[in-house]
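Visitor: The structure's right below; bear with me while I get my questions together.
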Amino acid sequence: MNKEVELLGRYLHILNEGRLLKNKDGFIIHASSSSVLIEDDRTLIVDTSVKDDCYNITKNLKDLGYMPEDIDIIINTHLHGDHRGCNNLFVNAEKYAHPLQIDDSSIKSVYFLNIKNVSILETPGHVPGHISVVFKNELGITIVIAGDAIPTRNNYYKWVPPRISYNPKEAIESMEKIVKIADVIIPGHDSMLVLK
Ligand SMILES: [Zn+2]
């Protein structure tokens, strides 16, 4: 295991690394990161990428000893297609997003979570009602699963809002909110970012 991954602690695992790639025709392929938190036998997944990644997500979950039907909760940072593609795999999970995002009855609204060490941070800007998930692990490290509030490492390094933002000013404020509390950020479409 590499040093960076060790910072995630025992309970948080990246099932799928987010990415933005150009295919041979020059189209950008969006595929979101997908992370699972397994604590006290409660299993929560944040974002489920695109359908092409369902196999990878399932495989990595199985390696951790879980099947898709074991997952209790799915949180979508927002409901763009590249963050929810494998939601249907998790047949027994309650699915949540911010009320401003909800577009179908299979998804419930979430403002806060009643799970130890896990909280929801409202991080609008890319879209209205975008949320990030904050987890303080057993090492005392605060990890923010940022979705498209910070889609790539470069958004952080260059301090620019997501290229697609309905409100760039709000997007920057959301980035500030995240950076203020995070030791580690899991971007929506990139590998993890260690700040401290
Ligand atoms: Zn998006």
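We name chains A, B, ... following the order of the structure tokens; residues begin at 1 in each chain, and ligands are numbered from 1 as shown.
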From a backbone DSSP assignment, name each residue in range 70-191 of chain A labelled helix (DSSP H, G or I), as a PyMOL selection string.
Guide: chain A and resi 70+81-84+87-89+99-101+153-157+168-181
Visitor: Would you write out those residues with N, CA, C and O atoms, as a tab-separated table (two decimals), in the first residue's frame?
Guide:
```
chain	number	residue	atom	x	y	z
A	70	ASP	N	-24.82	-5.56	-0.27
A	70	ASP	CA	-24.51	-5.28	1.13
A	70	ASP	C	-24.47	-3.78	1.45
A	70	ASP	O	-24.43	-3.39	2.62
A	81	GLY	N	-24.71	12.40	-14.76
A	81	GLY	CA	-24.64	10.99	-15.13
A	81	GLY	C	-23.33	10.30	-14.80
A	81	GLY	O	-23.31	9.09	-14.53
A	82	ASP	N	-22.25	11.05	-14.80
A	82	ASP	CA	-20.94	10.44	-14.55
A	82	ASP	C	-20.64	10.26	-13.06
A	82	ASP	O	-19.53	9.87	-12.69
A	83	HIS	N	-21.63	10.53	-12.21
A	83	HIS	CA	-21.46	10.32	-10.77
A	83	HIS	C	-22.47	9.32	-10.21
A	83	HIS	O	-22.42	8.99	-9.03
A	84	ARG	N	-23.38	8.88	-11.07
A	84	ARG	CA	-24.47	8.02	-10.58
A	84	ARG	C	-24.66	6.76	-11.43
A	84	ARG	O	-25.62	6.03	-11.27
A	87	ASN	N	-25.45	3.49	-9.69
A	87	ASN	CA	-26.39	3.52	-8.54
A	87	ASN	C	-27.28	2.28	-8.50
A	87	ASN	O	-27.52	1.72	-7.42
A	88	ASN	N	-27.75	1.85	-9.67
A	88	ASN	CA	-28.72	0.74	-9.69
A	88	ASN	C	-28.15	-0.61	-9.29
A	88	ASN	O	-28.90	-1.54	-9.01
A	89	LEU	N	-26.83	-0.67	-9.24
A	89	LEU	CA	-26.18	-1.91	-8.80
A	89	LEU	C	-26.47	-2.19	-7.33
A	89	LEU	O	-26.47	-3.34	-6.89
A	99	PRO	N	-31.53	18.10	-1.82
A	99	PRO	CA	-32.87	18.30	-2.38
A	99	PRO	C	-32.89	19.08	-3.70
A	99	PRO	O	-33.73	18.80	-4.56
A	100	LEU	N	-31.98	20.02	-3.88
A	100	LEU	CA	-31.98	20.79	-5.13
A	100	LEU	C	-31.55	19.96	-6.34
A	100	LEU	O	-31.71	20.37	-7.48
A	101	GLN	N	-31.00	18.79	-6.07
A	101	GLN	CA	-30.53	17.93	-7.16
A	101	GLN	C	-31.54	16.86	-7.56
A	101	GLN	O	-31.45	16.30	-8.64
A	153	ARG	N	-7.03	17.87	-9.47
A	153	ARG	CA	-5.95	18.44	-8.66
A	153	ARG	C	-5.60	19.84	-9.15
A	153	ARG	O	-5.28	20.72	-8.36
A	154	ASN	N	-5.66	20.05	-10.46
A	154	ASN	CA	-5.33	21.35	-11.01
A	154	ASN	C	-6.28	22.46	-10.59
A	154	ASN	O	-5.88	23.62	-10.49
A	155	ASN	N	-7.54	22.12	-10.35
A	155	ASN	CA	-8.44	23.14	-9.84
A	155	ASN	C	-7.91	23.69	-8.53
A	155	ASN	O	-7.99	24.88	-8.26
A	156	TYR	N	-7.34	22.80	-7.73
A	156	TYR	CA	-6.75	23.23	-6.46
A	156	TYR	C	-5.44	23.99	-6.71
A	156	TYR	O	-5.27	25.11	-6.23
A	157	TYR	N	-4.53	23.39	-7.47
A	157	TYR	CA	-3.21	24.01	-7.66
A	157	TYR	C	-3.30	25.37	-8.35
A	157	TYR	O	-2.60	26.30	-8.00
A	168	PRO	N	-19.54	30.42	-10.72
A	168	PRO	CA	-18.12	30.33	-10.40
A	168	PRO	C	-17.75	30.93	-9.03
A	168	PRO	O	-16.86	30.43	-8.35
A	169	LYS	N	-18.45	32.00	-8.65
A	169	LYS	CA	-18.14	32.64	-7.37
A	169	LYS	C	-18.47	31.69	-6.22
A	169	LYS	O	-17.68	31.50	-5.29
A	170	GLU	N	-19.65	31.09	-6.30
A	170	GLU	CA	-20.03	30.10	-5.29
A	170	GLU	C	-19.08	28.92	-5.30
A	170	GLU	O	-18.76	28.36	-4.26
A	171	ALA	N	-18.63	28.55	-6.50
A	171	ALA	CA	-17.72	27.40	-6.62
A	171	ALA	C	-16.42	27.67	-5.88
A	171	ALA	O	-15.90	26.79	-5.19
A	172	ILE	N	-15.90	28.88	-6.02
A	172	ILE	CA	-14.66	29.24	-5.31
A	172	ILE	C	-14.90	29.25	-3.80
A	172	ILE	O	-14.07	28.77	-3.02
A	173	GLU	N	-16.05	29.77	-3.38
A	173	GLU	CA	-16.36	29.77	-1.94
A	173	GLU	C	-16.43	28.35	-1.40
A	173	GLU	O	-15.99	28.06	-0.29
A	174	SER	N	-16.97	27.44	-2.22
A	174	SER	CA	-17.05	26.04	-1.80
A	174	SER	C	-15.65	25.43	-1.70
A	174	SER	O	-15.35	24.66	-0.79
A	175	MET	N	-14.78	25.78	-2.65
A	175	MET	CA	-13.40	25.29	-2.59
A	175	MET	C	-12.72	25.78	-1.31
A	175	MET	O	-12.00	25.03	-0.64
A	176	GLU	N	-12.96	27.05	-0.97
A	176	GLU	CA	-12.38	27.60	0.27
A	176	GLU	C	-12.86	26.83	1.50
A	176	GLU	O	-12.08	26.50	2.40
A	177	LYS	N	-14.17	26.54	1.50
A	177	LYS	CA	-14.77	25.79	2.61
A	177	LYS	C	-14.09	24.44	2.79
A	177	LYS	O	-13.81	24.00	3.90
A	178	ILE	N	-13.84	23.78	1.67
A	178	ILE	CA	-13.25	22.44	1.71
A	178	ILE	C	-11.81	22.50	2.20
A	178	ILE	O	-11.40	21.77	3.10
A	179	VAL	N	-11.04	23.42	1.60
A	179	VAL	CA	-9.61	23.50	1.92
A	179	VAL	C	-9.38	23.88	3.38
A	179	VAL	O	-8.41	23.45	4.01
A	180	LYS	N	-10.32	24.65	3.92
A	180	LYS	CA	-10.23	25.07	5.32
A	180	LYS	C	-10.23	23.88	6.28
A	180	LYS	O	-9.57	23.91	7.31
A	181	ILE	N	-10.97	22.85	5.94
A	181	ILE	CA	-11.10	21.73	6.89
A	181	ILE	C	-10.34	20.47	6.46
A	181	ILE	O	-10.10	19.59	7.28
```
Visitor: Enumerate as number ranges by chain the residues within 12 Å of ligand 1, counting only C-alpha atoms and all ligand atoms.
Guide: A: 18, 20, 30-33, 47, 49-50, 76-84, 101, 124-131, 146-152, 162-166, 187-189
Visitor: Which neighbours of range 109-118 of chain A fall inside 6 Å, counting only C-alpha atoms, when residues of the same chain fewer than 3 positions from it are skipped, and could you give them as a count of residues only?
Guide: 7
Visitor: Could you name the residues that touch Ile73 in chain A at 9 Å or less, counting only C-alpha atoms, but leaving out those on the same chain fewer than 4 positions away, as a PyMOL selection string?
Guide: chain A and resi 42-46+90+92-96
Visitor: Quick one: pick out all strand (DSSP E) residues within range 61-165 of chain A from a backbone DSSP run and write them as number ranges by chain.
Guide: A: 73-75, 94-97, 107-109, 118-122, 131-136, 142-147
Visitor: Please determine, counting only C-alpha atoms, which residue among A:Leu195, A:Ile29, A:Cys54, A:Leu64 has the shortest atom-to-atom distance to Cys86 in chain A.
Guide: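 Of all the options, A:Cys54 lies closest to Cys86 in chain A.
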